[in-house]
file final_29.cif (mmCIF, C-alpha atoms and all ligand atoms)
data_model
#
loop_
_atom_site.label_atom_id
_atom_site.label_comp_id
_atom_site.auth_asym_id
_atom_site.auth_seq_id
_atom_site.Cartn_x
_atom_site.Cartn_y
_atom_site.Cartn_z
CA MET A 145 53.47 58.54 68.78
CA PRO A 146 51.20 61.03 67.07
CA ILE A 147 51.72 64.74 67.46
CA PRO A 148 49.20 65.88 70.06
CA GLY A 149 47.44 68.75 68.40
CA ARG A 150 44.60 69.95 66.31
CA ILE A 151 43.90 68.99 62.72
CA THR A 152 42.41 71.60 60.46
CA LEU A 153 41.53 70.75 56.91
CA LEU A 154 42.24 73.72 54.66
CA GLU A 155 41.38 72.55 51.20
CA ILE A 156 40.53 69.55 49.10
CA PHE A 157 41.41 69.60 45.45
CA GLU A 158 39.80 67.09 43.18
CA THR A 159 41.66 66.25 40.02
CA GLY A 160 42.73 62.84 38.72
CA THR A 161 44.59 62.67 41.98
CA GLN A 162 42.89 63.98 45.09
CA PHE A 163 44.93 65.86 47.56
CA ALA A 164 44.26 67.85 50.64
CA ILE A 165 46.12 70.37 52.74
CA PHE A 166 45.97 70.10 56.50
CA VAL A 167 47.37 72.23 59.24
CA LEU A 168 48.62 70.26 62.21
CA THR A 169 49.21 72.39 65.27
CA ASN A 170 51.65 70.93 67.72
CA ILE A 171 50.46 71.68 71.23
CA ARG A 172 53.90 71.07 72.72
CA CYS A 173 55.50 74.06 71.04
CA GLY A 174 52.52 75.82 69.49
CA SER A 175 54.00 75.60 66.00
CA SER A 176 51.94 74.62 62.99
CA PHE A 177 52.86 72.37 60.12
CA LEU A 178 51.33 72.26 56.70
CA CYS A 179 50.67 68.67 55.68
CA PHE A 180 49.82 67.47 52.22
CA LEU A 181 47.93 64.27 51.75
CA PHE A 182 47.82 62.75 48.30
CA LEU A 183 45.15 60.26 47.48
CA VAL A 184 45.57 58.41 44.25
CA LYS A 185 42.21 57.14 43.17
CA ALA A 186 42.42 53.37 43.16
CA LYS A 187 40.01 50.67 42.09
CA GLY A 188 37.45 49.68 44.71
CA ALA A 189 36.69 51.54 47.90
CA PRO A 190 39.06 54.41 48.69
CA GLN A 191 41.13 54.08 51.86
CA VAL A 192 40.56 57.67 52.82
CA ALA A 193 37.46 59.70 52.06
CA LEU A 194 37.72 63.44 52.41
CA HIS A 195 35.00 66.02 52.76
CA PRO A 196 35.29 69.55 54.03
CA HIS A 197 33.40 68.38 57.11
CA CYS A 198 34.90 64.97 57.91
CA ILE A 199 37.86 62.63 57.43
CA PHE A 200 37.22 58.92 57.04
CA GLN A 201 40.31 56.76 57.26
CA ARG A 202 39.62 53.14 56.39
CA GLY A 203 41.83 50.40 57.87
CA SER A 204 41.66 46.65 58.29
CA SER A 205 40.52 46.04 61.84
CA PRO A 206 37.14 45.68 63.55
CA ILE A 207 37.91 48.64 65.83
CA VAL A 208 36.88 52.12 64.72
CA ALA A 209 37.72 55.32 66.58
CA ALA A 210 35.44 58.32 66.10
CA ALA A 211 35.71 61.96 67.17
CA VAL A 212 32.46 63.56 66.04
CA HIS A 213 32.93 66.69 68.18
CA ASN A 214 36.57 67.23 67.28
CA GLY A 215 35.77 69.86 64.63
CA HIS A 216 36.29 73.56 65.05
CA ASP A 217 35.80 75.01 61.58
CA THR A 218 32.60 76.55 60.30
CA ARG A 219 31.49 77.69 56.87
CA ARG A 220 32.09 81.41 56.39
CA SER A 221 28.35 82.10 56.25
CA VAL A 222 27.88 80.39 59.63
CA GLU A 223 30.84 82.17 61.21
CA GLN A 224 29.45 85.57 60.20
CA ARG A 225 26.26 84.95 62.17
CA LEU A 226 27.80 83.51 65.33
CA ALA A 227 27.59 85.63 68.47
CA ILE A 228 30.07 83.51 70.41
CA ASP A 229 33.79 83.94 69.94
CA GLU A 230 36.32 81.28 69.07
CA ASP A 231 37.30 80.60 72.68
CA GLU A 232 33.69 80.00 73.70
CA GLN A 233 33.25 77.73 70.71
CA GLN A 234 36.35 75.73 71.51
CA ARG A 235 35.35 75.31 75.14
CA GLU A 236 32.32 73.25 74.13
CA GLU A 237 34.07 71.27 71.41
CA ASP A 238 36.11 68.13 72.01
CA PRO A 239 39.71 69.08 71.28
CA ILE A 240 42.38 66.37 71.04
CA THR A 241 39.81 63.62 70.39
CA GLY A 242 40.78 63.70 66.69
CA GLU A 243 44.36 62.84 67.66
CA TRP A 244 43.27 60.03 69.96
CA THR A 245 41.44 58.35 67.05
CA GLN A 246 44.88 57.40 65.76
CA ILE A 247 44.86 54.45 68.17
CA ALA A 248 42.66 52.66 65.59
CA LYS A 249 43.31 51.88 61.95
CA THR A 250 39.85 53.12 61.01
CA GLN A 251 39.08 56.68 62.02
CA ILE A 252 36.14 59.04 61.72
CA VAL A 253 37.07 62.62 62.52
CA GLY A 254 34.62 65.51 62.34
CA LEU A 255 36.11 68.78 61.10
CA ARG A 256 33.10 71.06 61.53
CA SER A 257 32.23 72.70 64.81
CA ARG A 258 29.22 71.36 66.65
CA PHE A 259 27.94 74.97 66.50
CA GLU A 260 27.49 74.48 62.76
CA VAL A 261 26.01 71.01 62.97
CA ASP A 262 26.09 68.61 65.92
CA LEU A 263 26.63 65.08 64.65
CA ASN A 264 25.85 63.63 68.07
CA ARG A 265 22.26 64.88 68.14
CA PRO A 266 19.14 63.76 66.29
CA ARG A 267 18.68 65.46 62.91
CA ASP A 268 15.94 67.84 64.08
CA LYS A 269 18.17 69.05 66.95
CA ALA A 270 21.48 69.04 65.07
CA VAL A 271 21.52 72.79 64.40
CA TYR A 272 21.34 74.76 67.65
CA GLU A 273 18.57 77.33 67.44
CA THR A 274 17.82 78.42 70.99
CA PRO A 275 20.06 78.91 74.06
CA ALA A 276 18.44 75.81 75.55
CA ASP A 277 20.07 73.79 72.75
CA ALA A 278 23.52 75.01 73.81
CA TRP A 279 23.99 75.14 77.61
CA GLY A 280 22.12 78.46 77.78
CA MET A 281 24.56 80.20 75.41
CA GLU A 282 23.39 82.91 73.03
CA VAL A 283 24.96 81.26 69.99
CA TRP A 284 23.72 83.54 67.22
CA ASP A 285 23.83 87.23 66.35
CA THR A 286 21.52 86.40 63.48
CA PRO A 287 19.77 83.06 63.84
CA PRO A 288 20.33 80.63 60.96
CA ASP A 289 17.82 80.88 58.13
CA PRO A 290 16.25 77.83 56.48
CA LYS A 291 18.82 77.83 53.67
CA MET A 292 21.71 77.70 56.10
CA ILE A 293 20.07 75.00 58.18
CA GLU A 294 19.50 72.99 55.02
CA ALA A 295 23.18 73.30 54.01
CA SER A 296 24.28 72.18 57.49
CA LEU A 297 21.89 69.25 57.46
CA ARG A 298 23.28 68.18 54.08
CA GLU A 299 26.64 67.69 55.82
CA TYR A 300 24.86 65.77 58.55
CA ASP A 301 23.11 63.48 56.05
CA GLU A 302 26.32 62.89 54.11
CA PHE A 303 28.11 62.06 57.31
CA TYR A 304 25.58 59.43 58.33
CA GLU A 305 25.46 57.95 54.80
CA ASP A 306 29.24 57.63 54.83
CA VAL A 307 29.35 56.12 58.34
CA GLU A 308 26.69 53.62 57.33
CA ALA A 309 28.65 52.57 54.22
CA LEU A 310 31.88 52.32 56.21
CA LEU A 311 30.39 50.24 59.03
CA ARG A 312 28.54 48.00 56.56
CA GLU A 313 31.82 47.20 54.81
CA LEU A 314 33.64 46.52 58.06
CA ILE A 315 30.81 44.32 59.35
CA GLU A 316 30.86 42.35 56.11
CA GLU A 317 34.56 41.80 56.58
CA HIS A 318 34.74 41.18 60.34
CA GLY A 319 31.23 40.17 61.41
CA ARG A 320 31.12 42.66 64.27
CA VAL A 321 32.78 45.98 65.03
CA VAL A 322 33.42 48.19 68.04
CA VAL A 323 33.37 51.99 67.78
CA TYR A 324 35.29 54.06 70.31
CA ASP A 325 33.08 57.15 70.34
CA LEU A 326 35.52 59.67 71.85
CA HIS A 327 34.48 62.86 73.63
CA THR A 328 35.60 65.28 76.31
CA TYR A 329 33.58 67.24 78.82
CA ASN A 330 33.90 70.37 80.96
CA HIS A 331 34.02 70.31 84.74
CA ARG A 332 34.77 73.94 85.52
CA ARG A 333 31.64 75.61 84.26
CA GLU A 334 31.51 77.90 87.31
CA GLY A 335 34.74 79.61 86.25
CA ALA A 336 38.50 79.07 86.03
CA ASP A 337 39.05 79.89 89.71
CA ALA A 338 35.87 78.35 91.10
CA PRO A 339 35.97 74.82 92.52
CA PRO A 340 35.55 72.12 89.85
CA ALA A 341 32.34 70.09 89.58
CA ASP A 342 31.93 67.40 92.25
CA PRO A 343 34.28 64.53 91.31
CA ARG A 344 31.81 62.01 92.73
CA LYS A 345 29.38 62.89 89.95
CA ASN A 346 32.05 63.69 87.35
CA PRO A 347 34.35 60.72 86.74
CA GLU A 348 37.63 61.25 84.90
CA VAL A 349 36.25 58.91 82.26
CA ASN A 350 32.53 58.42 81.84
CA ILE A 351 31.58 55.38 79.81
CA GLY A 352 28.15 55.79 78.22
CA THR A 353 26.39 52.54 77.45
CA GLY A 354 22.77 53.66 77.72
CA THR A 355 21.90 53.21 74.04
CA MET A 356 23.23 49.68 73.49
CA ASP A 357 22.01 46.19 74.32
CA ARG A 358 24.26 46.17 77.37
CA LYS A 359 23.75 42.51 78.16
CA PHE A 360 24.64 41.37 74.66
CA TRP A 361 27.79 43.51 74.52
CA ALA A 362 28.80 42.86 78.14
CA PRO A 363 31.98 40.86 77.38
CA VAL A 364 33.32 43.64 75.14
CA VAL A 365 32.29 46.61 77.30
CA ASP A 366 33.35 45.01 80.59
CA ARG A 367 36.71 44.13 79.11
CA PHE A 368 37.18 47.67 77.83
CA ILE A 369 36.35 49.21 81.21
CA THR A 370 38.62 46.77 83.09
CA GLU A 371 41.55 47.41 80.76
CA LEU A 372 41.16 51.19 80.99
CA ARG A 373 40.81 51.10 84.77
CA GLU A 374 43.86 48.92 85.19
CA TYR A 375 46.13 51.01 82.99
CA ASP A 376 49.07 52.48 84.90
CA PHE A 377 48.30 56.17 84.50
CA HIS A 378 51.36 58.00 85.84
CA GLY A 379 51.51 55.50 88.71
CA ARG A 380 47.80 55.59 89.51
CA ASN A 381 44.51 54.38 88.01
CA LEU A 382 41.98 56.42 86.08
CA ASP A 383 38.57 56.97 87.66
CA VAL A 384 36.45 55.15 85.06
CA ARG A 385 32.72 54.83 85.71
CA GLU A 386 29.69 53.94 83.66
CA ASN A 387 26.64 56.14 82.91
CA VAL A 388 27.33 58.53 85.79
CA LYS A 389 27.38 61.79 83.83
CA PHE A 390 26.30 60.71 80.33
CA GLN A 391 24.58 57.70 78.85
CA GLY A 392 25.83 58.19 75.27
CA GLY A 393 24.55 60.43 72.48
CA TYR A 394 22.69 60.12 69.22
CA PHE A 395 25.69 58.90 67.18
CA GLY A 396 25.88 55.73 69.29
CA GLU A 397 22.12 55.40 69.43
CA TRP A 398 21.94 55.53 65.63
CA ILE A 399 24.71 52.93 65.34
CA HIS A 400 22.89 50.58 67.72
CA THR A 401 19.57 51.04 65.92
CA THR A 402 21.11 50.54 62.48
CA PHE A 403 23.42 47.65 63.37
CA PRO A 404 22.04 45.90 66.45
CA GLU A 405 24.31 43.05 67.60
CA GLN A 406 26.77 43.96 64.85
CA ALA A 407 28.20 47.27 66.03
CA CYS A 408 28.93 48.39 69.57
CA ALA A 409 29.57 52.11 70.09
CA ILE A 410 31.12 52.84 73.47
CA ALA A 411 30.76 56.54 74.36
CA ILE A 412 34.04 57.48 76.05
CA GLU A 413 33.95 60.93 77.69
CA PHE A 414 37.18 62.25 79.17
CA LYS A 415 36.74 65.00 81.73
CA LYS A 416 38.99 67.90 80.75
CA PHE A 417 41.41 67.17 83.59
CA PHE A 418 44.10 66.87 80.91
CA MET A 419 43.74 70.53 79.94
CA ASP A 420 42.79 74.00 81.11
CA GLU A 421 39.28 74.24 79.73
CA TRP A 422 39.22 78.06 80.06
CA GLU A 423 42.61 78.73 78.49
CA GLY A 424 42.20 75.92 75.97
CA GLU A 425 45.69 74.58 76.72
CA ALA A 426 46.24 70.85 77.01
CA ASN A 427 48.95 69.15 79.06
CA PRO A 428 50.93 67.09 76.51
CA ASP A 429 51.95 64.44 79.07
CA GLU A 430 48.32 63.82 80.05
CA VAL A 431 47.27 63.79 76.40
CA ASP A 432 49.96 61.20 75.59
CA CYS A 433 49.08 59.12 78.61
CA ILE A 434 45.38 59.04 77.67
CA TYR A 435 46.35 58.01 74.14
CA LYS A 436 48.41 55.12 75.54
CA ALA A 437 45.66 54.16 77.99
CA LEU A 438 43.13 53.92 75.15
CA GLU A 439 45.60 52.02 73.00
CA SER A 440 46.23 49.54 75.82
CA THR A 441 42.59 48.42 75.69
CA LEU A 442 42.68 47.30 72.04
CA PRO A 443 44.07 43.74 72.33
CA GLY A 444 41.64 42.80 75.13
CA VAL A 445 38.65 44.29 73.33
CA GLN A 446 39.56 42.52 70.09
CA THR A 447 39.82 39.21 71.95
CA ALA A 448 36.44 39.74 73.63
CA LEU A 449 34.93 40.66 70.28
CA ARG A 450 36.27 37.51 68.60
CA GLN A 451 34.88 35.35 71.40
CA LEU A 452 31.40 36.87 71.28
ZN ZN B 1 31.35 65.38 72.59
#
call {"tool": "encode", "arguments": {"input": "final_29.cif", "output": "structure tokens", "more": "lines below"}}
Ligand SMILES: [Zn+2]
result
Amino acid sequence: MPIPGRITLLEIFETGTQFAIFVLTNIRCGSSFLCFLFLVKAKGAPQVALHPHCIFQRGSSPIVAAAVHNGHDTRRSVEQRLAIDEDEQQREEDPITGEWTQIAKTQIVGLRSRFEVDLNRPRDKAVYETPADAWGMEVWDTPPDPKMIEASLREYDEFYEDVEALLRELIEEHGRVVVYDLHTYNHRREGADAPPADPRKNPEVNIGTGTMDRKFWAPVVDRFITELREYDFHGRNLDVRENVKFQGGYFGEWIHTTFPEQACAIAIEFKKFFMDEWEGEANPDEVDCIYKALESTLPGVQTALRQL
């Protein structure tokens, strides 16, 4: 079982051997651990690629788990211009999704905050410039200048180049792949004490399939939804519904445009029922149970994928 918590990448050192320092914060007890990851450069494709803005972990399976909104860090120059504080930032990010990617052997985990660059939006909208880009929030004290935008978009471009290379390799090896595109969403925007958003329009899990060839991928997507719905979640079933709140973002759209009929990105949005979205505190039992629920879908999805 992984430690439910937040991964922060502190530093990457490049020498003959690459190594990185992470901080893993355990949400059960609030303590932090320093983790060192050593990467000996081997022949051929590296198993783990590290950038200050993303972790790519490469494994041997056609299932990839991605958490593009997991990140919380920003470059110092970005942080200095932000008007919003850390709590406001965190509220709109997708905490815990980085940990849930550990269900799959291949993982893509964003380390930069979406307030620096949003990997789930088209390139020309990836840096928030006006409040309309960010739920009406006044994001900036000093709006980003062209140089800063350019630096953020370089991360964006690198990210998409690396995802393309990774998926191409996996498709070569397995024929087809499925990407679990993991997200979370808020349902208490009116305030901590105000009633939550209407559950009829805000499922516990929203499955976004609006950007894929739904008919072609039906056996895989239907199997995924059935498995997730049937999982015994503390003696009950999760409320899993399709395209009610979201249809899926740009990351999935790009995957489907680049690899039609070869890659299926299922946008999986967990409502923040597993945490207090205002305090930022997650309930470890709910976090664990969601991890297990996601994990329970893997065998069925792999079977459906093989039979496609
Ligand atoms: Zn998200």
call {"tool": "axis_aligned_box", "arguments": {"input": "final_29.cif", "around": "segment 287-296 of chain A", "padding_each_side": "3 Å", "output": "AutoDock Vina command-line options"}}
result
--center_x 20.3 --center_y 77.6 --center_z 58.8 --size_x 14.0 --size_y 16.9 --size_z 16.2
call {"tool": "closest_residue", "arguments": {"input": "final_29.cif", "among": "A:Leu310, A:Ile293, A:Ile434, A:Leu226", "to": "Arg202 of chain A", "atoms": "only C-alpha atoms"}}
result
A:Leu310
call {"tool": "residues_near_ligand", "arguments": {"input": "final_29.cif", "ligand": "ligand ZN 1 (chain B)", "cutoff": "10 Å", "atoms": "only C-alpha atoms and all ligand atoms", "output": "list in words"}}
result
Ala211, Val212, His213, Asn214, Glu236, Glu237, Asp238, Pro239, Thr241, Arg258, Asp262, Leu263, Asn264, Asp325, Leu326, His327, Thr328, Tyr329, Gly392, Gly393, Ala411, Ile412, Glu413 and Phe414 of chain A
call {"tool": "atom_distance", "arguments": {"input": "final_29.cif", "atom1": "atom CA of Arg256 of chain A", "atom2": "atom CA of Ala437 of chain A"}}
result
26.7 Å
call {"tool": "closest_residue", "arguments": {"input": "final_29.cif", "among": "A:Phe360, A:Phe418, A:Phe403, A:Tyr300", "to": "Lys269 of chain A", "atoms": "all atoms listed in the file"}}
result
A:Tyr300
call {"tool": "residues_near_point", "arguments": {"input": "final_29.cif", "point": "(26.1, 73.9, 63.9)", "cutoff": "7 Å", "atoms": "all atoms listed in the file", "output": "list of chain:residue names"}}
result
A:Ser257, A:Arg258, A:Phe259, A:Glu260, A:Val261, A:Asp262, A:Ala270, A:Val271, A:Tyr272, A:Ser296
call {"tool": "atom_distance", "arguments": {"input": "final_29.cif", "atom1": "atom CA of Thr353 of chain A", "atom2": "atom CA of Glu243 of chain A"}}
result
22.9 Å
call {"tool": "closest_residue", "arguments": {"input": "final_29.cif", "among": "A:Arg358, A:His318, A:Lys291, A:Arg333", "to": "Trp279 of chain A", "atoms": "all atoms listed in the file"}}
result
A:Arg333
call {"tool": "atom_distance", "arguments": {"input": "final_29.cif", "atom1": "atom CA of Asp306 of chain A", "atom2": "atom CA of Val349 of chain A"}}
result
28.3 Å
call {"tool": "closest_residue", "arguments": {"input": "final_29.cif", "among": "A:Arg332, A:Arg380, A:Lys359, A:Arg385", "to": "Trp422 of chain A", "atoms": "all atoms listed in the file"}}
result
A:Arg332
call {"tool": "residues_around", "arguments": {"input": "final_29.cif", "residues": "Lys416 of chain A", "least_positions_apart": "3", "cutoff": "8 Å", "atoms": "only C-alpha atoms", "output": "PyMOL selection string"}}
result
chain A and resi 328-331+348+419-421
call {"tool": "closest_residue", "arguments": {"input": "final_29.cif", "among": "A:Leu442, A:Ala248, A:Val388, A:Ile228", "to": "Pro343 of chain A", "atoms": "all atoms listed in the file"}}
result
A:Val388
